[in-house]
Amino acid sequence: MESRVLSRATAFGALPCHRKPSPRENAAVSFVSARPIGAVSEGGNLIWGRQLRPALLLEASPLKREILRPCLAAASSPTEGSDSAGDAKVAPLGFFDKYPALLTGFFFFMWYFLNVIFNIMNKKIYNYFPYPYFVSVVHLGVGVVYCLISWAVGLPKRAPIDSNQLKLLIPVAVCHALGHVTSNVSFAAVAVSFTHTIKALEPFFNASASQFILGQSIPLSLWLSLAPVVLGVSMASLTELSFNWTGFISAMISNISFTYRSIYSKKAMTDMDSTNLYAYISIIALIVCIPPALIVEGPQLIKYGFNDAIAKVGLVKFVSDLFWVGLFYHLYNQLATNTLERVAPLTHAVGNVLKRVFVIGFSILVFGNKISSQTGIGTAIAIAGVAIYSYIKAKIEEEKRQGKAA
């Protein structure tokens with residue numbers, strides 16, 4: 001639905017609100033056609049085709065705006081004997097405005113689809129190019145280029161950032177970078193399904209950090225719901241055929257990094273929209289990731305890394321694979337944020353659990369990974385525990401919000 005505003009209000013300065021205007025006065029009142037917000041010059045903030053925080057762009061003073069508000073309401077509604085009674089038009093509703101559930105479903109579908117494609121393509125790259133530090137830089141680099149192009153065309157308009165906001169975002173971006181790199185090290189070392197099983201422990205680390213670092217009281221029901229998560233991951237790890245300590249420890253470091261990212265994110269709360277916020281975090285994270293990649297993998301890449309990959313799949317496929325995996329990484333993360341804006345936290349929490357199930361399931365089918373019965377049962381127990389934890393946590397947060405509203 002378009003956000004529409006009156007772009008001129010000066011002609012209403014002398015219009016009284018306590019009586020019906022005469023035909024002569026009606027002729028003196030002039031409207032300028034309404035225009036949609038979104039252009040850069042108008043200060044619009046268009047995020048992924050949706051208008052966020054719309055404001056009335058009236059040229060009159062704040063006092064005059066307050067005086068005009070009842071007059072504008074009266075002028076926009078047809079009244080008996082008014083010359084403008086037949087001029088008021090209601091913009092037709094779009095298809096997705098009539099059926100918002102379909103749009104939300106589309107967001108979920110694209111979130112799952114892009115996430116599954118990213119994980120499969122990412123693992124295929126590691127099968128012939130096992131350099132996770134460099135690939136992590138590519139992921140972030142493609143996303144940063146995407147953000148810069150989006151800013152250049154004004155979709156969205158770039159939000160300004162000051163030194164104070166930058167200081168708050170740097171710890172978030174550093175944790176994001178560390179978590180992303182260590183996740184990729186794990187993806188390169190072990191099966192995708194096993195990495196995601198270990199990453200199911202992230203709620204346990206979040207609860208521990210909230211209790212022992214932030215000093216927040218965690219209900220007993222939440223702690224009990226985490227027991228099957230720990231049990232399931234332990235069962236899956238003991239009999240995982242692709243198990244190695246590099247993959248396991250890297251995934252655990254990733255969990256800790258993303259936990260601290262959540263802590264610093266709470267301290268860096270800002271009114272900046274999610275699209276711009278993620279863009280700034282990606283830029284800082286890219287700067288953080290480049291030096292380790294050059295130090296750890298640079299010499300190997302120059303000697304034989306690039307040449308081996310090109311010899312195996314060809315230059316065109318190698319470059320195109322890196323581009324597409326980076327684009328899918330950025331888009332699925334952005335869609336996850338946009339989906340959260342459209343649904344309740346409980347729905348998003350359940351969706352996030354189902355996403356992990358889809359990724360684990362499709363990775364097993366695509367790569368034909370052999371898993372033992374104990375690994376399969378352990379993975380199922382861990383995912384079920386995460387689902388229970390997410391449900392209980394979302395319900396507690398919802399009750400808190402309702403209590404504050406009351």
# chains A, B, ... in the order shown; residues from 1 in each chain; ligands from 1
$ residues_around --residues "Leu277 in chain A" --least-positions-apart "3" --cutoff "12 Å" --atoms "only C-alpha atoms" --output "PDB file with all heavy atoms, in the first residue's frame"
ATOM      1  N   ILE A  47      12.571   0.537   2.489  1.00  0.00           N
ATOM      2  CA  ILE A  47      13.343  -0.653   2.828  1.00  0.00           C
ATOM      3  C   ILE A  47      12.687  -1.868   2.181  1.00  0.00           C
ATOM      4  O   ILE A  47      11.601  -2.267   2.554  1.00  0.00           O
ATOM      5  CB  ILE A  47      13.423  -0.849   4.351  1.00  0.00           C
ATOM      6  CG1 ILE A  47      13.902   0.424   5.038  1.00  0.00           C
ATOM      7  CG2 ILE A  47      14.326  -2.022   4.687  1.00  0.00           C
ATOM      8  CD1 ILE A  47      15.258   0.880   4.602  1.00  0.00           C
ATOM      9  N   CYS A 147      25.330  -3.847  -0.882  1.00  0.00           N
ATOM     10  CA  CYS A 147      24.838  -2.728  -0.068  1.00  0.00           C
ATOM     11  C   CYS A 147      25.224  -1.381  -0.681  1.00  0.00           C
ATOM     12  O   CYS A 147      24.408  -0.442  -0.696  1.00  0.00           O
ATOM     13  CB  CYS A 147      25.398  -2.822   1.354  1.00  0.00           C
ATOM     14  SG  CYS A 147      24.789  -4.231   2.300  1.00  0.00           S
ATOM     15  N   PRO A 156      17.922   0.960   0.064  1.00  0.00           N
ATOM     16  CA  PRO A 156      17.339   2.104   0.748  1.00  0.00           C
ATOM     17  C   PRO A 156      18.271   3.313   0.732  1.00  0.00           C
ATOM     18  O   PRO A 156      19.435   3.207   0.328  1.00  0.00           O
ATOM     19  CB  PRO A 156      17.207   1.593   2.191  1.00  0.00           C
ATOM     20  CG  PRO A 156      18.431   0.726   2.336  1.00  0.00           C
ATOM     21  CD  PRO A 156      18.627   0.061   0.981  1.00  0.00           C
ATOM     22  N   ARG A 158      20.837   5.640   2.342  1.00  0.00           N
ATOM     23  CA  ARG A 158      21.837   5.349   3.367  1.00  0.00           C
ATOM     24  C   ARG A 158      21.565   6.165   4.620  1.00  0.00           C
ATOM     25  O   ARG A 158      21.411   7.388   4.564  1.00  0.00           O
ATOM     26  CB  ARG A 158      23.243   5.658   2.861  1.00  0.00           C
ATOM     27  CG  ARG A 158      24.348   5.242   3.823  1.00  0.00           C
ATOM     28  CD  ARG A 158      25.716   5.613   3.294  1.00  0.00           C
ATOM     29  NE  ARG A 158      25.915   7.056   3.335  1.00  0.00           N
ATOM     30  CZ  ARG A 158      26.330   7.724   4.423  1.00  0.00           C
ATOM     31  NH1 ARG A 158      26.556   7.078   5.557  1.00  0.00           N
ATOM     32  NH2 ARG A 158      26.498   9.031   4.372  1.00  0.00           N
ATOM     33  N   ALA A 159      21.498   5.488   5.755  1.00  0.00           N
ATOM     34  CA  ALA A 159      21.305   6.168   7.034  1.00  0.00           C
ATOM     35  C   ALA A 159      22.640   6.715   7.522  1.00  0.00           C
ATOM     36  O   ALA A 159      23.646   6.004   7.473  1.00  0.00           O
ATOM     37  CB  ALA A 159      20.715   5.210   8.071  1.00  0.00           C
ATOM     38  N   PRO A 160      22.690   7.963   7.972  1.00  0.00           N
ATOM     39  CA  PRO A 160      23.964   8.507   8.478  1.00  0.00           C
ATOM     40  C   PRO A 160      24.379   7.802   9.758  1.00  0.00           C
ATOM     41  O   PRO A 160      23.548   7.302  10.509  1.00  0.00           O
ATOM     42  CB  PRO A 160      23.636   9.989   8.727  1.00  0.00           C
ATOM     43  CG  PRO A 160      22.148  10.020   8.945  1.00  0.00           C
ATOM     44  CD  PRO A 160      21.584   8.940   8.069  1.00  0.00           C
ATOM     45  N   ILE A 161      25.675   7.762  10.011  1.00  0.00           N
ATOM     46  CA  ILE A 161      26.199   7.129  11.209  1.00  0.00           C
ATOM     47  C   ILE A 161      27.257   8.044  11.821  1.00  0.00           C
ATOM     48  O   ILE A 161      28.082   8.621  11.103  1.00  0.00           O
ATOM     49  CB  ILE A 161      26.803   5.742  10.884  1.00  0.00           C
ATOM     50  CG1 ILE A 161      27.227   5.020  12.166  1.00  0.00           C
ATOM     51  CG2 ILE A 161      27.940   5.835   9.902  1.00  0.00           C
ATOM     52  CD1 ILE A 161      27.617   3.568  11.943  1.00  0.00           C
ATOM     53  N   GLN A 165      27.728   5.867  17.347  1.00  0.00           N
ATOM     54  CA  GLN A 165      27.104   4.657  16.819  1.00  0.00           C
ATOM     55  C   GLN A 165      28.150   3.688  16.301  1.00  0.00           C
ATOM     56  O   GLN A 165      28.034   2.469  16.458  1.00  0.00           O
ATOM     57  CB  GLN A 165      26.126   5.030  15.694  1.00  0.00           C
ATOM     58  CG  GLN A 165      24.859   5.716  16.165  1.00  0.00           C
ATOM     59  CD  GLN A 165      23.973   6.118  14.991  1.00  0.00           C
ATOM     60  OE1 GLN A 165      24.467   6.631  13.988  1.00  0.00           O
ATOM     61  NE2 GLN A 165      22.681   5.894  15.114  1.00  0.00           N
ATOM     62  N   LEU A 166      29.205   4.230  15.690  1.00  0.00           N
ATOM     63  CA  LEU A 166      30.265   3.378  15.162  1.00  0.00           C
ATOM     64  C   LEU A 166      30.960   2.609  16.279  1.00  0.00           C
ATOM     65  O   LEU A 166      31.243   1.412  16.151  1.00  0.00           O
ATOM     66  CB  LEU A 166      31.272   4.236  14.400  1.00  0.00           C
ATOM     67  CG  LEU A 166      32.380   3.486  13.640  1.00  0.00           C
ATOM     68  CD1 LEU A 166      31.767   2.576  12.593  1.00  0.00           C
ATOM     69  CD2 LEU A 166      33.353   4.475  13.011  1.00  0.00           C
ATOM     70  N   LEU A 168      29.659   1.687  19.051  1.00  0.00           N
ATOM     71  CA  LEU A 168      28.756   0.648  19.538  1.00  0.00           C
ATOM     72  C   LEU A 168      28.677  -0.538  18.581  1.00  0.00           C
ATOM     73  O   LEU A 168      28.497  -1.685  19.017  1.00  0.00           O
ATOM     74  CB  LEU A 168      27.357   1.240  19.749  1.00  0.00           C
ATOM     75  CG  LEU A 168      27.198   2.257  20.886  1.00  0.00           C
ATOM     76  CD1 LEU A 168      25.799   2.862  20.857  1.00  0.00           C
ATOM     77  CD2 LEU A 168      27.455   1.612  22.238  1.00  0.00           C
ATOM     78  N   LEU A 169      28.807  -0.266  17.281  1.00  0.00           N
ATOM     79  CA  LEU A 169      28.659  -1.332  16.290  1.00  0.00           C
ATOM     80  C   LEU A 169      29.931  -2.147  16.102  1.00  0.00           C
ATOM     81  O   LEU A 169      29.861  -3.300  15.650  1.00  0.00           O
ATOM     82  CB  LEU A 169      28.237  -0.738  14.939  1.00  0.00           C
ATOM     83  CG  LEU A 169      26.810  -0.214  14.838  1.00  0.00           C
ATOM     84  CD1 LEU A 169      26.534   0.282  13.422  1.00  0.00           C
ATOM     85  CD2 LEU A 169      25.796  -1.276  15.222  1.00  0.00           C
ATOM     86  N   ILE A 170      31.089  -1.579  16.423  1.00  0.00           N
ATOM     87  CA  ILE A 170      32.349  -2.303  16.203  1.00  0.00           C
ATOM     88  C   ILE A 170      32.400  -3.631  16.965  1.00  0.00           C
ATOM     89  O   ILE A 170      32.739  -4.678  16.374  1.00  0.00           O
ATOM     90  CB  ILE A 170      33.559  -1.407  16.554  1.00  0.00           C
ATOM     91  CG1 ILE A 170      33.742  -0.345  15.462  1.00  0.00           C
ATOM     92  CG2 ILE A 170      34.828  -2.238  16.695  1.00  0.00           C
ATOM     93  CD1 ILE A 170      34.861   0.643  15.752  1.00  0.00           C
ATOM     94  N   VAL A 172      29.927  -5.506  17.906  1.00  0.00           N
ATOM     95  CA  VAL A 172      28.952  -6.386  17.262  1.00  0.00           C
ATOM     96  C   VAL A 172      29.547  -6.974  15.985  1.00  0.00           C
ATOM     97  O   VAL A 172      29.451  -8.189  15.720  1.00  0.00           O
ATOM     98  CB  VAL A 172      27.649  -5.613  16.939  1.00  0.00           C
ATOM     99  CG1 VAL A 172      26.644  -6.528  16.242  1.00  0.00           C
ATOM    100  CG2 VAL A 172      27.046  -5.031  18.204  1.00  0.00           C
ATOM    101  N   ALA A 173      30.180  -6.109  15.174  1.00  0.00           N
ATOM    102  CA  ALA A 173      30.745  -6.556  13.902  1.00  0.00           C
ATOM    103  C   ALA A 173      31.925  -7.503  14.100  1.00  0.00           C
ATOM    104  O   ALA A 173      32.095  -8.464  13.332  1.00  0.00           O
ATOM    105  CB  ALA A 173      31.172  -5.343  13.082  1.00  0.00           C
ATOM    106  N   SER A 265      24.755  -6.460  20.805  1.00  0.00           N
ATOM    107  CA  SER A 265      23.663  -5.889  20.022  1.00  0.00           C
ATOM    108  C   SER A 265      22.644  -5.210  20.927  1.00  0.00           C
ATOM    109  O   SER A 265      22.070  -4.170  20.574  1.00  0.00           O
ATOM    110  CB  SER A 265      22.976  -6.981  19.187  1.00  0.00           C
ATOM    111  OG  SER A 265      23.864  -7.505  18.222  1.00  0.00           O
ATOM    112  N   ALA A 268      23.894  -1.915  21.775  1.00  0.00           N
ATOM    113  CA  ALA A 268      24.010  -1.017  20.621  1.00  0.00           C
ATOM    114  C   ALA A 268      22.662  -0.759  19.983  1.00  0.00           C
ATOM    115  O   ALA A 268      22.576  -0.542  18.774  1.00  0.00           O
ATOM    116  CB  ALA A 268      24.973  -1.612  19.606  1.00  0.00           C
ATOM    117  N   MET A 269      21.587  -0.812  20.770  1.00  0.00           N
ATOM    118  CA  MET A 269      20.258  -0.573  20.238  1.00  0.00           C
ATOM    119  C   MET A 269      20.178   0.804  19.600  1.00  0.00           C
ATOM    120  O   MET A 269      20.615   1.803  20.172  1.00  0.00           O
ATOM    121  CB  MET A 269      19.206  -0.696  21.342  1.00  0.00           C
ATOM    122  CG  MET A 269      19.055  -2.093  21.897  1.00  0.00           C
ATOM    123  SD  MET A 269      18.477  -3.291  20.665  1.00  0.00           S
ATOM    124  CE  MET A 269      16.798  -2.726  20.461  1.00  0.00           C
ATOM    125  N   THR A 270      19.643   0.876  18.391  1.00  0.00           N
ATOM    126  CA  THR A 270      19.537   2.127  17.665  1.00  0.00           C
ATOM    127  C   THR A 270      18.241   2.125  16.882  1.00  0.00           C
ATOM    128  O   THR A 270      17.649   1.073  16.638  1.00  0.00           O
ATOM    129  CB  THR A 270      20.729   2.298  16.708  1.00  0.00           C
ATOM    130  OG1 THR A 270      20.529   3.465  15.913  1.00  0.00           O
ATOM    131  CG2 THR A 270      20.879   1.101  15.788  1.00  0.00           C
ATOM    132  N   ASP A 271      17.793   3.331  16.481  1.00  0.00           N
ATOM    133  CA  ASP A 271      16.564   3.415  15.696  1.00  0.00           C
ATOM    134  C   ASP A 271      16.839   3.261  14.199  1.00  0.00           C
ATOM    135  O   ASP A 271      15.937   3.409  13.381  1.00  0.00           O
ATOM    136  CB  ASP A 271      15.838   4.741  15.963  1.00  0.00           C
ATOM    137  CG  ASP A 271      16.699   5.944  15.596  1.00  0.00           C
ATOM    138  OD1 ASP A 271      17.884   5.755  15.267  1.00  0.00           O
ATOM    139  OD2 ASP A 271      16.174   7.076  15.654  1.00  0.00           O
ATOM    140  N   MET A 272      18.072   2.936  13.835  1.00  0.00           N
ATOM    141  CA  MET A 272      18.408   2.694  12.430  1.00  0.00           C
ATOM    142  C   MET A 272      17.692   1.448  11.940  1.00  0.00           C
ATOM    143  O   MET A 272      17.559   0.461  12.666  1.00  0.00           O
ATOM    144  CB  MET A 272      19.918   2.533  12.283  1.00  0.00           C
ATOM    145  CG  MET A 272      20.405   2.490  10.836  1.00  0.00           C
ATOM    146  SD  MET A 272      22.195   2.167  10.735  1.00  0.00           S
ATOM    147  CE  MET A 272      22.835   3.597  11.618  1.00  0.00           C
ATOM    148  N   ASP A 273      17.193   1.477  10.706  1.00  0.00           N
ATOM    149  CA  ASP A 273      16.473   0.325  10.173  1.00  0.00           C
ATOM    150  C   ASP A 273      17.423  -0.854   9.985  1.00  0.00           C
ATOM    151  O   ASP A 273      18.648  -0.704   9.888  1.00  0.00           O
ATOM    152  CB  ASP A 273      15.808   0.685   8.842  1.00  0.00           C
ATOM    153  CG  ASP A 273      16.831   1.053   7.780  1.00  0.00           C
ATOM    154  OD1 ASP A 273      17.357   0.144   7.122  1.00  0.00           O
ATOM    155  OD2 ASP A 273      17.120   2.261   7.631  1.00  0.00           O
ATOM    156  N   SER A 274      16.848  -2.044   9.942  1.00  0.00           N
ATOM    157  CA  SER A 274      17.642  -3.267   9.945  1.00  0.00           C
ATOM    158  C   SER A 274      18.517  -3.399   8.703  1.00  0.00           C
ATOM    159  O   SER A 274      19.617  -3.946   8.769  1.00  0.00           O
ATOM    160  CB  SER A 274      16.708  -4.483  10.051  1.00  0.00           C
ATOM    161  OG  SER A 274      15.817  -4.526   8.948  1.00  0.00           O
ATOM    162  N   TYR A 280      26.147  -1.750   7.647  1.00  0.00           N
ATOM    163  CA  TYR A 280      27.302  -1.223   8.381  1.00  0.00           C
ATOM    164  C   TYR A 280      28.067  -2.342   9.097  1.00  0.00           C
ATOM    165  O   TYR A 280      29.309  -2.357   9.117  1.00  0.00           O
ATOM    166  CB  TYR A 280      26.853  -0.171   9.383  1.00  0.00           C
ATOM    167  CG  TYR A 280      26.539   1.174   8.761  1.00  0.00           C
ATOM    168  CD1 TYR A 280      25.276   1.733   8.849  1.00  0.00           C
ATOM    169  CD2 TYR A 280      27.526   1.886   8.081  1.00  0.00           C
ATOM    170  CE1 TYR A 280      24.987   2.962   8.281  1.00  0.00           C
ATOM    171  CE2 TYR A 280      27.248   3.120   7.511  1.00  0.00           C
ATOM    172  CZ  TYR A 280      25.976   3.657   7.611  1.00  0.00           C
ATOM    173  OH  TYR A 280      25.703   4.867   7.040  1.00  0.00           O
ATOM    174  N   ILE A 281      27.332  -3.289   9.684  1.00  0.00           N
ATOM    175  CA  ILE A 281      27.986  -4.410  10.361  1.00  0.00           C
ATOM    176  C   ILE A 281      28.787  -5.238   9.360  1.00  0.00           C
ATOM    177  O   ILE A 281      29.919  -5.677   9.644  1.00  0.00           O
ATOM    178  CB  ILE A 281      26.938  -5.278  11.080  1.00  0.00           C
ATOM    179  CG1 ILE A 281      26.355  -4.518  12.272  1.00  0.00           C
ATOM    180  CG2 ILE A 281      27.553  -6.600  11.541  1.00  0.00           C
ATOM    181  CD1 ILE A 281      25.221  -5.242  12.970  1.00  0.00           C
ATOM    182  N   SER A 282      28.251  -5.448   8.160  1.00  0.00           N
ATOM    183  CA  SER A 282      28.954  -6.217   7.134  1.00  0.00           C
ATOM    184  C   SER A 282      30.243  -5.520   6.704  1.00  0.00           C
ATOM    185  O   SER A 282      31.279  -6.172   6.494  1.00  0.00           O
ATOM    186  CB  SER A 282      28.042  -6.426   5.918  1.00  0.00           C
ATOM    187  OG  SER A 282      26.902  -7.202   6.257  1.00  0.00           O
ATOM    188  N   ILE A 283      30.194  -4.197   6.558  1.00  0.00           N
ATOM    189  CA  ILE A 283      31.387  -3.451   6.145  1.00  0.00           C
ATOM    190  C   ILE A 283      32.495  -3.581   7.196  1.00  0.00           C
ATOM    191  O   ILE A 283      33.659  -3.856   6.873  1.00  0.00           O
ATOM    192  CB  ILE A 283      31.026  -1.969   5.909  1.00  0.00           C
ATOM    193  CG1 ILE A 283      30.108  -1.838   4.693  1.00  0.00           C
ATOM    194  CG2 ILE A 283      32.287  -1.130   5.712  1.00  0.00           C
ATOM    195  CD1 ILE A 283      29.551  -0.443   4.491  1.00  0.00           C
ATOM    196  N   ILE A 284      32.132  -3.385   8.465  1.00  0.00           N
ATOM    197  CA  ILE A 284      33.137  -3.486   9.533  1.00  0.00           C
ATOM    198  C   ILE A 284      33.666  -4.916   9.638  1.00  0.00           C
ATOM    199  O   ILE A 284      34.874  -5.141   9.796  1.00  0.00           O
ATOM    200  CB  ILE A 284      32.531  -3.041  10.876  1.00  0.00           C
ATOM    201  CG1 ILE A 284      32.037  -1.587  10.792  1.00  0.00           C
ATOM    202  CG2 ILE A 284      33.566  -3.161  12.000  1.00  0.00           C
ATOM    203  CD1 ILE A 284      31.230  -1.146  12.005  1.00  0.00           C
ATOM    204  N   GLN A 334      19.619 -11.087   5.225  1.00  0.00           N
ATOM    205  CA  GLN A 334      18.739  -9.923   5.160  1.00  0.00           C
ATOM    206  C   GLN A 334      17.276 -10.346   5.228  1.00  0.00           C
ATOM    207  O   GLN A 334      16.459  -9.719   5.906  1.00  0.00           O
ATOM    208  CB  GLN A 334      18.998  -9.145   3.874  1.00  0.00           C
ATOM    209  CG  GLN A 334      18.263  -7.812   3.797  1.00  0.00           C
ATOM    210  CD  GLN A 334      18.643  -6.882   4.929  1.00  0.00           C
ATOM    211  OE1 GLN A 334      19.773  -6.429   5.017  1.00  0.00           O
ATOM    212  NE2 GLN A 334      17.700  -6.605   5.815  1.00  0.00           N
ATOM    213  N   THR A 337      16.131 -11.139   8.729  1.00  0.00           N
ATOM    214  CA  THR A 337      15.810  -9.923   9.486  1.00  0.00           C
ATOM    215  C   THR A 337      14.477  -9.352   9.055  1.00  0.00           C
ATOM    216  O   THR A 337      13.652  -8.959   9.891  1.00  0.00           O
ATOM    217  CB  THR A 337      16.916  -8.873   9.278  1.00  0.00           C
ATOM    218  OG1 THR A 337      18.180  -9.432   9.647  1.00  0.00           O
ATOM    219  CG2 THR A 337      16.661  -7.636  10.128  1.00  0.00           C
TER     220      THR A 337
END
$ residues_around --residues "range 195-212 of chain A" --least-positions-apart "6" --cutoff "7 Å" --atoms "only C-alpha atoms" --output "VMD selection string"
chain A and resid 186 to 187 218 226 229 to 230 233 251 255 to 256 259 356 360 379 382 to 383 386
$ atom_distance --atom1 "CA of Ala189 in chain A" --atom2 "CA of Ser237 in chain A"
14.0 Å
$ closest_residue --among "A:Asn352, A:Ser193, A:Ser183, A:Ser390" --to "Phe109 in chain A" --atoms "only C-alpha atoms"
A:Asn352
$ decode --residues "range 377-394 of chain A" --atoms "N, CA, C and O atoms" --output "PDB file, in the first residue's frame"
ATOM      1  N   ILE A 377      19.340 -39.980  15.783  1.00  0.00           N
ATOM      2  CA  ILE A 377      18.488 -39.796  16.961  1.00  0.00           C
ATOM      3  C   ILE A 377      18.950 -38.593  17.775  1.00  0.00           C
ATOM      4  O   ILE A 377      18.140 -37.784  18.238  1.00  0.00           O
ATOM      5  N   GLY A 378      20.270 -38.457  17.950  1.00  0.00           N
ATOM      6  CA  GLY A 378      20.798 -37.323  18.702  1.00  0.00           C
ATOM      7  C   GLY A 378      20.456 -35.993  18.057  1.00  0.00           C
ATOM      8  O   GLY A 378      20.092 -35.024  18.737  1.00  0.00           O
ATOM      9  N   THR A 379      20.558 -35.929  16.722  1.00  0.00           N
ATOM     10  CA  THR A 379      20.203 -34.694  16.001  1.00  0.00           C
ATOM     11  C   THR A 379      18.734 -34.359  16.195  1.00  0.00           C
ATOM     12  O   THR A 379      18.367 -33.198  16.433  1.00  0.00           O
ATOM     13  N   ALA A 380      17.869 -35.375  16.112  1.00  0.00           N
ATOM     14  CA  ALA A 380      16.431 -35.147  16.290  1.00  0.00           C
ATOM     15  C   ALA A 380      16.125 -34.652  17.701  1.00  0.00           C
ATOM     16  O   ALA A 380      15.313 -33.730  17.891  1.00  0.00           O
ATOM     17  N   ILE A 381      16.777 -35.242  18.709  1.00  0.00           N
ATOM     18  CA  ILE A 381      16.565 -34.813  20.100  1.00  0.00           C
ATOM     19  C   ILE A 381      17.026 -33.366  20.293  1.00  0.00           C
ATOM     20  O   ILE A 381      16.346 -32.552  20.942  1.00  0.00           O
ATOM     21  N   ALA A 382      18.170 -33.019  19.711  1.00  0.00           N
ATOM     22  CA  ALA A 382      18.694 -31.662  19.845  1.00  0.00           C
ATOM     23  C   ALA A 382      17.759 -30.644  19.210  1.00  0.00           C
ATOM     24  O   ALA A 382      17.465 -29.585  19.799  1.00  0.00           O
ATOM     25  N   ILE A 383      17.270 -30.934  18.015  1.00  0.00           N
ATOM     26  CA  ILE A 383      16.363 -30.009  17.324  1.00  0.00           C
ATOM     27  C   ILE A 383      15.054 -29.867  18.100  1.00  0.00           C
ATOM     28  O   ILE A 383      14.500 -28.764  18.226  1.00  0.00           O
ATOM     29  N   ALA A 384      14.557 -30.981  18.650  1.00  0.00           N
ATOM     30  CA  ALA A 384      13.330 -30.912  19.452  1.00  0.00           C
ATOM     31  C   ALA A 384      13.540 -30.045  20.684  1.00  0.00           C
ATOM     32  O   ALA A 384      12.669 -29.251  21.066  1.00  0.00           O
ATOM     33  N   GLY A 385      14.708 -30.195  21.322  1.00  0.00           N
ATOM     34  CA  GLY A 385      15.006 -29.359  22.485  1.00  0.00           C
ATOM     35  C   GLY A 385      15.059 -27.894  22.141  1.00  0.00           C
ATOM     36  O   GLY A 385      14.557 -27.034  22.884  1.00  0.00           O
ATOM     37  N   VAL A 386      15.656 -27.557  20.982  1.00  0.00           N
ATOM     38  CA  VAL A 386      15.712 -26.154  20.544  1.00  0.00           C
ATOM     39  C   VAL A 386      14.304 -25.617  20.300  1.00  0.00           C
ATOM     40  O   VAL A 386      13.990 -24.468  20.637  1.00  0.00           O
ATOM     41  N   ALA A 387      13.441 -26.454  19.733  1.00  0.00           N
ATOM     42  CA  ALA A 387      12.061 -26.030  19.487  1.00  0.00           C
ATOM     43  C   ALA A 387      11.344 -25.727  20.803  1.00  0.00           C
ATOM     44  O   ALA A 387      10.633 -24.714  20.920  1.00  0.00           O
ATOM     45  N   ILE A 388      11.508 -26.600  21.786  1.00  0.00           N
ATOM     46  CA  ILE A 388      10.868 -26.380  23.091  1.00  0.00           C
ATOM     47  C   ILE A 388      11.410 -25.120  23.749  1.00  0.00           C
ATOM     48  O   ILE A 388      10.665 -24.295  24.277  1.00  0.00           O
ATOM     49  N   TYR A 389      12.745 -24.959  23.710  1.00  0.00           N
ATOM     50  CA  TYR A 389      13.371 -23.763  24.294  1.00  0.00           C
ATOM     51  C   TYR A 389      12.851 -22.492  23.629  1.00  0.00           C
ATOM     52  O   TYR A 389      12.501 -21.519  24.310  1.00  0.00           O
ATOM     53  N   SER A 390      12.806 -22.490  22.291  1.00  0.00           N
ATOM     54  CA  SER A 390      12.354 -21.301  21.554  1.00  0.00           C
ATOM     55  C   SER A 390      10.910 -20.962  21.892  1.00  0.00           C
ATOM     56  O   SER A 390      10.552 -19.788  22.052  1.00  0.00           O
ATOM     57  N   TYR A 391      10.076 -21.996  22.020  1.00  0.00           N
ATOM     58  CA  TYR A 391       8.661 -21.771  22.344  1.00  0.00           C
ATOM     59  C   TYR A 391       8.522 -21.163  23.736  1.00  0.00           C
ATOM     60  O   TYR A 391       7.807 -20.167  23.924  1.00  0.00           O
ATOM     61  N   ILE A 392       9.203 -21.740  24.723  1.00  0.00           N
ATOM     62  CA  ILE A 392       9.089 -21.239  26.100  1.00  0.00           C
ATOM     63  C   ILE A 392       9.630 -19.820  26.212  1.00  0.00           C
ATOM     64  O   ILE A 392       9.023 -18.947  26.837  1.00  0.00           O
ATOM     65  N   LYS A 393      10.776 -19.558  25.567  1.00  0.00           N
ATOM     66  CA  LYS A 393      11.370 -18.223  25.642  1.00  0.00           C
ATOM     67  C   LYS A 393      10.474 -17.178  25.000  1.00  0.00           C
ATOM     68  O   LYS A 393      10.285 -16.078  25.543  1.00  0.00           O
ATOM     69  N   ALA A 394       9.909 -17.502  23.837  1.00  0.00           N
ATOM     70  CA  ALA A 394       9.020 -16.547  23.165  1.00  0.00           C
ATOM     71  C   ALA A 394       7.771 -16.273  23.987  1.00  0.00           C
ATOM     72  O   ALA A 394       7.283 -15.140  24.042  1.00  0.00           O
TER      73      ALA A 394
END
